[in-house]
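Enquirer: My structure file my_file.pdb, PDB, C-alpha atoms, is below:
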ATOM      1  CA  MET A 554      74.163  97.674  15.579
ATOM      2  CA  THR A 555      72.625 101.074  16.247
ATOM      3  CA  TYR A 556      69.794 102.447  14.136
ATOM      4  CA  PRO A 557      66.841 104.857  14.492
ATOM      5  CA  ALA A 558      64.449 103.580  17.157
ATOM      6  CA  PHE A 559      61.379 104.087  14.965
ATOM      7  CA  PHE A 560      62.444 101.171  12.744
ATOM      8  CA  ASP A 561      61.184  98.883  15.504
ATOM      9  CA  ASP A 562      57.806 100.639  15.568
ATOM     10  CA  VAL A 563      57.004  99.693  11.967
ATOM     11  CA  GLU A 564      54.580  96.777  11.905
ATOM     12  CA  PRO A 565      56.284  93.637  10.524
ATOM     13  CA  ILE A 566      55.077  91.463   7.652
ATOM     14  CA  ASP A 567      54.393  87.788   8.396
ATOM     15  CA  THR A 568      54.734  85.251   5.588
ATOM     16  CA  VAL A 569      54.904  81.511   5.100
ATOM     17  CA  ASP A 570      57.526  80.060   2.773
ATOM     18  CA  PRO A 571      56.921  76.430   1.709
ATOM     19  CA  LEU A 572      60.492  76.127   0.438
ATOM     20  CA  ALA A 573      61.951  77.234   3.769
ATOM     21  CA  ASP A 574      59.690  74.683   5.459
ATOM     22  CA  ILE A 575      60.672  71.767   3.198
ATOM     23  CA  LEU A 576      64.370  72.520   3.468
ATOM     24  CA  GLY A 577      64.193  72.866   7.245
ATOM     25  CA  ALA A 578      65.375  76.461   7.243
ATOM     26  CA  VAL A 579      62.483  77.852   9.284
ATOM     27  CA  GLU A 580      59.980  75.964  11.413
ATOM     28  CA  ASN A 581      56.677  75.619   9.557
ATOM     29  CA  GLY A 582      58.044  78.030   6.951
ATOM     30  CA  ARG A 583      56.971  81.030   9.019
ATOM     31  CA  ILE A 584      59.132  84.062   8.218
ATOM     32  CA  THR A 585      58.585  87.500   9.690
ATOM     33  CA  TYR A 586      60.152  90.457   7.918
ATOM     34  CA  THR A 587      60.795  93.788   9.612
ATOM     35  CA  TYR A 588      61.529  97.169   8.135
ATOM     36  CA  LEU A 589      65.051  96.744   9.498
ATOM     37  CA  ASP A 590      65.410  93.621   7.320
ATOM     38  CA  MET A 591      64.594  95.698   4.255
ATOM     39  CA  VAL A 592      67.005  98.412   5.355
ATOM     40  CA  LYS A 593      69.770  95.824   5.740
ATOM     41  CA  PHE A 594      68.948  94.426   2.302
ATOM     42  CA  ALA A 595      68.921  97.846   0.604
ATOM     43  CA  GLY A 596      71.826  99.144   2.646
ATOM     44  CA  HIS A 597      69.943 102.302   3.568
ATOM     45  CA  SER A 598      66.616 103.774   4.680
ATOM     46  CA  CYS A 599      64.995 106.352   2.416
ATOM     47  CA  PRO A 600      61.562 107.335   1.052
ATOM     48  CA  THR A 601      61.977 104.808  -1.781
ATOM     49  CA  VAL A 602      62.708 101.890   0.548
ATOM     50  CA  ALA A 603      59.874 103.018   2.822
ATOM     51  CA  GLY A 604      57.546 103.099  -0.188
ATOM     52  CA  ALA A 605      58.596  99.592  -1.216
ATOM     53  CA  TRP A 606      57.804  98.443   2.321
ATOM     54  CA  LEU A 607      54.379 100.079   2.299
ATOM     55  CA  MET A 608      53.485  98.723  -1.143
ATOM     56  CA  THR A 609      54.591  95.239  -0.108
ATOM     57  CA  LYS A 610      52.552  95.302   3.090
ATOM     58  CA  ILE A 611      49.457  96.866   1.548
ATOM     59  CA  GLY A 612      49.658  94.795  -1.632
ATOM     60  CA  LEU A 613      49.955  91.480   0.191
ATOM     61  CA  ALA A 614      47.061  92.406   2.469
ATOM     62  CA  LYS A 615      44.918  93.229  -0.570
ATOM     63  CA  ILE A 616      45.531  89.936  -2.377
ATOM     64  CA  TYR A 617      45.650  87.653   0.670
ATOM     65  CA  GLY A 618      43.123  89.253   2.999
ATOM     66  CA  ASP A 619      43.278  87.507   6.364
ATOM     67  CA  ASP A 620      45.365  84.631   4.998
ATOM     68  CA  LEU A 621      49.100  84.468   5.524
ATOM     69  CA  PRO A 622      50.945  85.578   2.360
ATOM     70  CA  VAL A 623      52.795  82.716   0.695
ATOM     71  CA  ARG A 624      56.337  83.685  -0.157
ATOM     72  CA  GLY A 625      57.173  82.513  -3.675
ATOM     73  CA  ASN A 626      53.528  82.603  -4.797
ATOM     74  CA  VAL A 627      53.507  86.244  -5.911
ATOM     75  CA  LYS A 628      54.453  87.785  -9.226
ATOM     76  CA  VAL A 629      55.763  91.356  -9.005
ATOM     77  CA  GLU A 630      55.519  93.628 -12.031
ATOM     78  CA  ILE A 631      57.060  97.100 -12.253
ATOM     79  CA  ARG A 632      56.021  99.694 -14.837
ATOM     80  CA  GLU A 633      59.451 101.274 -15.207
ATOM     81  CA  ALA A 634      62.358  99.529 -16.884
ATOM     82  CA  LEU A 635      64.952  97.941 -14.625
ATOM     83  CA  ASP A 636      67.494 100.690 -15.320
ATOM     84  CA  GLU A 637      64.996 103.526 -14.978
ATOM     85  CA  GLY A 638      64.802 105.692 -11.877
ATOM     86  CA  VAL A 639      64.515 103.674  -8.662
ATOM     87  CA  ALA A 640      62.645 100.749 -10.251
ATOM     88  CA  GLY A 641      65.420  98.292  -9.450
ATOM     89  CA  VAL A 642      65.479  99.272  -5.792
ATOM     90  CA  ILE A 643      61.703  99.001  -5.461
ATOM     91  CA  GLY A 644      61.541  95.659  -7.255
ATOM     92  CA  SER A 645      64.400  94.158  -5.261
ATOM     93  CA  CYS A 646      62.959  95.302  -1.944
ATOM     94  CA  ILE A 647      59.508  93.923  -2.733
ATOM     95  CA  GLY A 648      61.196  90.737  -3.920
ATOM     96  CA  LEU A 649      62.875  90.340  -0.537
ATOM     97  CA  VAL A 650      59.522  89.752   1.155
ATOM     98  CA  THR A 651      57.582  88.127  -1.679
ATOM     99  CA  GLY A 652      60.409  85.903  -2.918
ATOM    100  CA  ALA A 653      59.883  87.145  -6.472
ATOM    101  CA  ALA A 654      63.104  87.186  -8.515
ATOM    102  CA  ASN A 655      64.069  87.862 -12.115
ATOM    103  CA  GLU A 656      65.403  85.224 -14.497
ATOM    104  CA  GLY A 657      68.406  84.681 -12.235
ATOM    105  CA  GLY A 658      66.285  83.532  -9.293
ATOM    106  CA  PHE A 659      65.888  80.050  -7.820
ATOM    107  CA  LYS A 660      64.503  77.658 -10.413
ATOM    108  CA  GLY A 661      62.675  75.364  -7.993
ATOM    109  CA  LEU A 662      62.729  71.797  -6.790
ATOM    110  CA  GLY A 663      61.316  69.307  -9.251
ATOM    111  CA  GLY A 664      59.519  72.097 -11.063
ATOM    112  CA  ARG A 665      57.910  73.448  -7.884
ATOM    113  CA  MET A 666      58.480  76.511  -5.708
ATOM    114  CA  ALA A 667      60.489  78.388  -8.335
ATOM    115  CA  ARG A 668      61.225  82.072  -7.730
ATOM    116  CA  ASN A 669      62.673  83.010 -11.113
ATOM    117  CA  ASN A 670      60.805  85.039 -13.730
ATOM    118  CA  ARG A 671      58.470  86.445 -11.088
ATOM    119  CA  LEU A 672      59.959  89.932 -10.936
ATOM    120  CA  VAL A 673      59.355  91.721 -14.230
ATOM    121  CA  PHE A 674      60.175  95.290 -15.267
ATOM    122  CA  GLY A 675      58.923  97.473 -18.098
ATOM    123  CA  VAL A 676      55.325  96.279 -17.885
ATOM    124  CA  GLU A 677      52.611  98.488 -19.363
ATOM    125  CA  MET A 678      50.063  99.448 -16.704
ATOM    126  CA  GLY A 679      48.372 102.500 -15.296
ATOM    127  CA  ALA A 680      49.943 102.155 -11.847
ATOM    128  CA  GLU A 681      53.577 101.710 -10.810
ATOM    129  CA  VAL A 682      53.536  98.217  -9.285
ATOM    130  CA  ARG A 683      51.329  95.141  -9.639
ATOM    131  CA  LEU A 684      51.295  92.149  -7.282
ATOM    132  CA  THR A 685      49.542  88.993  -8.485
ATOM    133  CA  ARG A 686      48.902  85.743  -6.650
ATOM    134  CA  LEU A 687      49.942  82.844  -8.835
ATOM    135  CA  ASP A 688      47.427  80.392  -7.352
ATOM    136  CA  ASN A 689      44.246  82.362  -8.029
ATOM    137  CA  ALA A 690      45.292  85.439 -10.089
ATOM    138  CA  ALA A 691      44.099  87.905  -7.419
ATOM    139  CA  HIS A 692      46.010  91.116  -8.051
ATOM    140  CA  VAL A 693      46.406  94.720  -7.033
ATOM    141  CA  GLU A 694      48.011  97.695  -8.753
ATOM    142  CA  MET A 695      49.599 100.445  -6.686
ATOM    143  CA  SER A 696      51.192 103.857  -7.051
ATOM    144  CA  TYR A 697      53.242 105.554  -4.334
ATOM    145  CA  ASN A 698      53.474 109.310  -3.794
ATOM    146  CA  PRO A 699      56.142 110.313  -1.246
ATOM    147  CA  SER A 700      55.838 113.976  -2.239
ATOM    148  CA  LEU A 701      52.942 114.162   0.228
ATOM    149  CA  VAL A 702      55.643 114.159   2.902
ATOM    150  CA  PRO A 703      58.130 116.870   1.925
ATOM    151  CA  GLY A 704      61.589 116.991   3.414
ATOM    152  CA  ASN A 705      62.738 119.593   5.899
ATOM    153  CA  PRO A 706      63.992 122.711   4.049
ATOM    154  CA  GLU A 707      67.297 122.410   5.897
ATOM    155  CA  MET A 708      68.048 119.110   4.158
ATOM    156  CA  GLN A 709      69.053 120.467   0.737
ATOM    157  CA  PRO A 710      71.940 122.721   1.815
ATOM    158  CA  LEU A 711      73.116 120.082   4.279
ATOM    159  CA  MET A 712      73.034 117.400   1.571
ATOM    160  CA  GLN A 713      75.178 119.588  -0.691
ATOM    161  CA  LYS A 714      77.769 119.949   2.051
ATOM    162  CA  VAL A 715      77.727 116.223   2.787
ATOM    163  CA  MET A 716      78.106 115.298  -0.895
ATOM    164  CA  GLN A 717      80.933 117.832  -1.331
ATOM    165  CA  GLY A 718      82.711 116.403   1.697
ATOM    166  CA  VAL A 719      82.770 119.717   3.551
ATOM    167  CA  ALA A 720      80.076 119.059   6.168
ATOM    168  CA  THR A 721      81.112 119.176   9.802
ATOM    169  CA  PRO A 722      80.377 116.099  11.943
ATOM    170  CA  GLU A 723      77.435 117.975  13.455
ATOM    171  CA  GLU A 724      76.063 118.908  10.018
ATOM    172  CA  LYS A 725      76.415 115.332   8.819
ATOM    173  CA  ARG A 726      74.584 114.052  11.907
ATOM    174  CA  LYS A 727      71.859 116.661  11.473
ATOM    175  CA  PHE A 728      71.347 115.705   7.824
ATOM    176  CA  GLY A 729      70.935 112.041   8.725
ATOM    177  CA  GLU A 730      68.446 112.881  11.450
ATOM    178  CA  LEU A 731      66.356 115.047   9.130
ATOM    179  CA  TRP A 732      66.479 112.390   6.406
ATOM    180  CA  GLN A 733      65.191 109.699   8.757
ATOM    181  CA  GLU A 734      62.644 112.095  10.216
ATOM    182  CA  ARG A 735      60.981 112.176   6.789
ATOM    183  CA  VAL A 736      61.097 108.376   6.496
ATOM    184  CA  LYS A 737      59.500 108.091   9.937
ATOM    185  CA  LYS A 738      56.641 110.345   8.864
ATOM    186  CA  ILE A 739      56.094 108.228   5.750
ATOM    187  CA  LEU A 740      56.007 104.969   7.671
ATOM    188  CA  LEU A 741      54.290 105.964  10.882
ATOM    189  CA  GLU A 742      52.635 109.373  10.797
ATOM    190  CA  VAL A 743      50.829 109.664   7.447
ATOM    191  CA  PRO A 744      47.994 107.209   6.673
ATOM    192  CA  ALA A 745      49.393 104.597   4.298
ATOM    193  CA  GLU A 746      46.288 104.733   2.128
ATOM    194  CA  GLU A 747      47.103 108.364   1.324
ATOM    195  CA  LEU A 748      50.626 107.499   0.184
ATOM    196  CA  VAL A 749      49.809 104.264  -1.663
ATOM    197  CA  ILE A 750      46.858 104.364  -4.060
ATOM    198  CA  CYS A 751      45.480 100.937  -4.990
ATOM    199  CA  SER A 752      43.432  99.982  -8.013
TER     200      SER A 752
END
How does the structure come out when it is put into structure tokens?
Expert:
Amino acid sequence: MTYPAFFDDVEPIDTVDPLADILGAVENGRITYTYLDMVKFAGHSCPTVAGAWLMTKIGLAKIYGDDLPVRGNVKVEIREALDEGVAGVIGSCIGLVTGAANEGGFKGLGGRMARNNRLVFGVEMGAEVRLTRLDNAAHVEMSYNPSLVPGNPEMQPLMQKVMQGVATPEEKRKFGELWQERVKKILLEVPAEELVICS
């Protein structure tokens, strides 16, 4: 599988998942997620997926400090409704790492380690996303502003050609490169605290 090399330069997120430990899926429940994992889950890499990654990483660091984040112990709330904008993509991507799922998620073992009803949309709040620890109620609210990293001006006309199916192979390749160039800047070249505002 070939993908942009910068994916591997994005710092991973380490978690511990008690359910994975109990069921023998992962030794000691230690699971490390990479940006490539999120790309595979979403099926693409874009500013929205990059923002979900940054909010997940920053949010977990805020509510867990130096402790290892516990997968399945975090409630994720999204201000927008599920069918509004890119809310579903953001929620799903954050849920990948945190384990938070909607009502269709895993219902637990003997009433413990459930994942369902921990990803909620259409929640009134000042920010866009809220992460809350379920064991101590520590929480953080975040808003993401990718407009601080504008796309290359060449992208728009190239995107039109690609979408119309008239782009040459070279134009298609160029569009993809420029698209990922913006994602790289978001993830690696602009300070995360400028893109993700916490409250």
Enquirer: Taking all atoms listed in the file into account, name the residue in A:Ala605, A:Val650, A:Leu687, A:Ala720 that is nearest to Met666 in chain A.
Expert: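 The answer is A:Leu687, which sits nearest to Met666 in chain A.
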Enquirer: What's the separation between CA of Gly604 in chain A and CA of Gln733 in chain A, in Å to one decimal place?
Expert: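 Pair CA of Gly604 in chain A / CA of Gln733 in chain A returns 13.5 Å.
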Enquirer: To one decimal in Å, tell me the separation between CA of Gly582 in chain A and CA of Tyr556 in chain A.
Expert: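 Between CA of Gly582 in chain A and CA of Tyr556 in chain A the gap works out to 28.0 Å.
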Enquirer: Determine the nearest neighbour of Asp619 in chain A from the options A:Thr568, A:Pro710, A:Glu746, A:Arg683, counting only C-alpha atoms.
Expert: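 With only C-alpha atoms as the atom set, the closest residue is A:Thr568.
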Enquirer: So, counting all atoms listed in the file, which residue among A:Asp574, A:Asp567, A:Glu630, A:Glu730 is closest to Gly644 in chain A?
Expert: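 Checking each of A:Asp574, A:Asp567, A:Glu630, A:Glu730 against Gly644 in chain A, counting all atoms listed in the file, the winner is A:Glu630.
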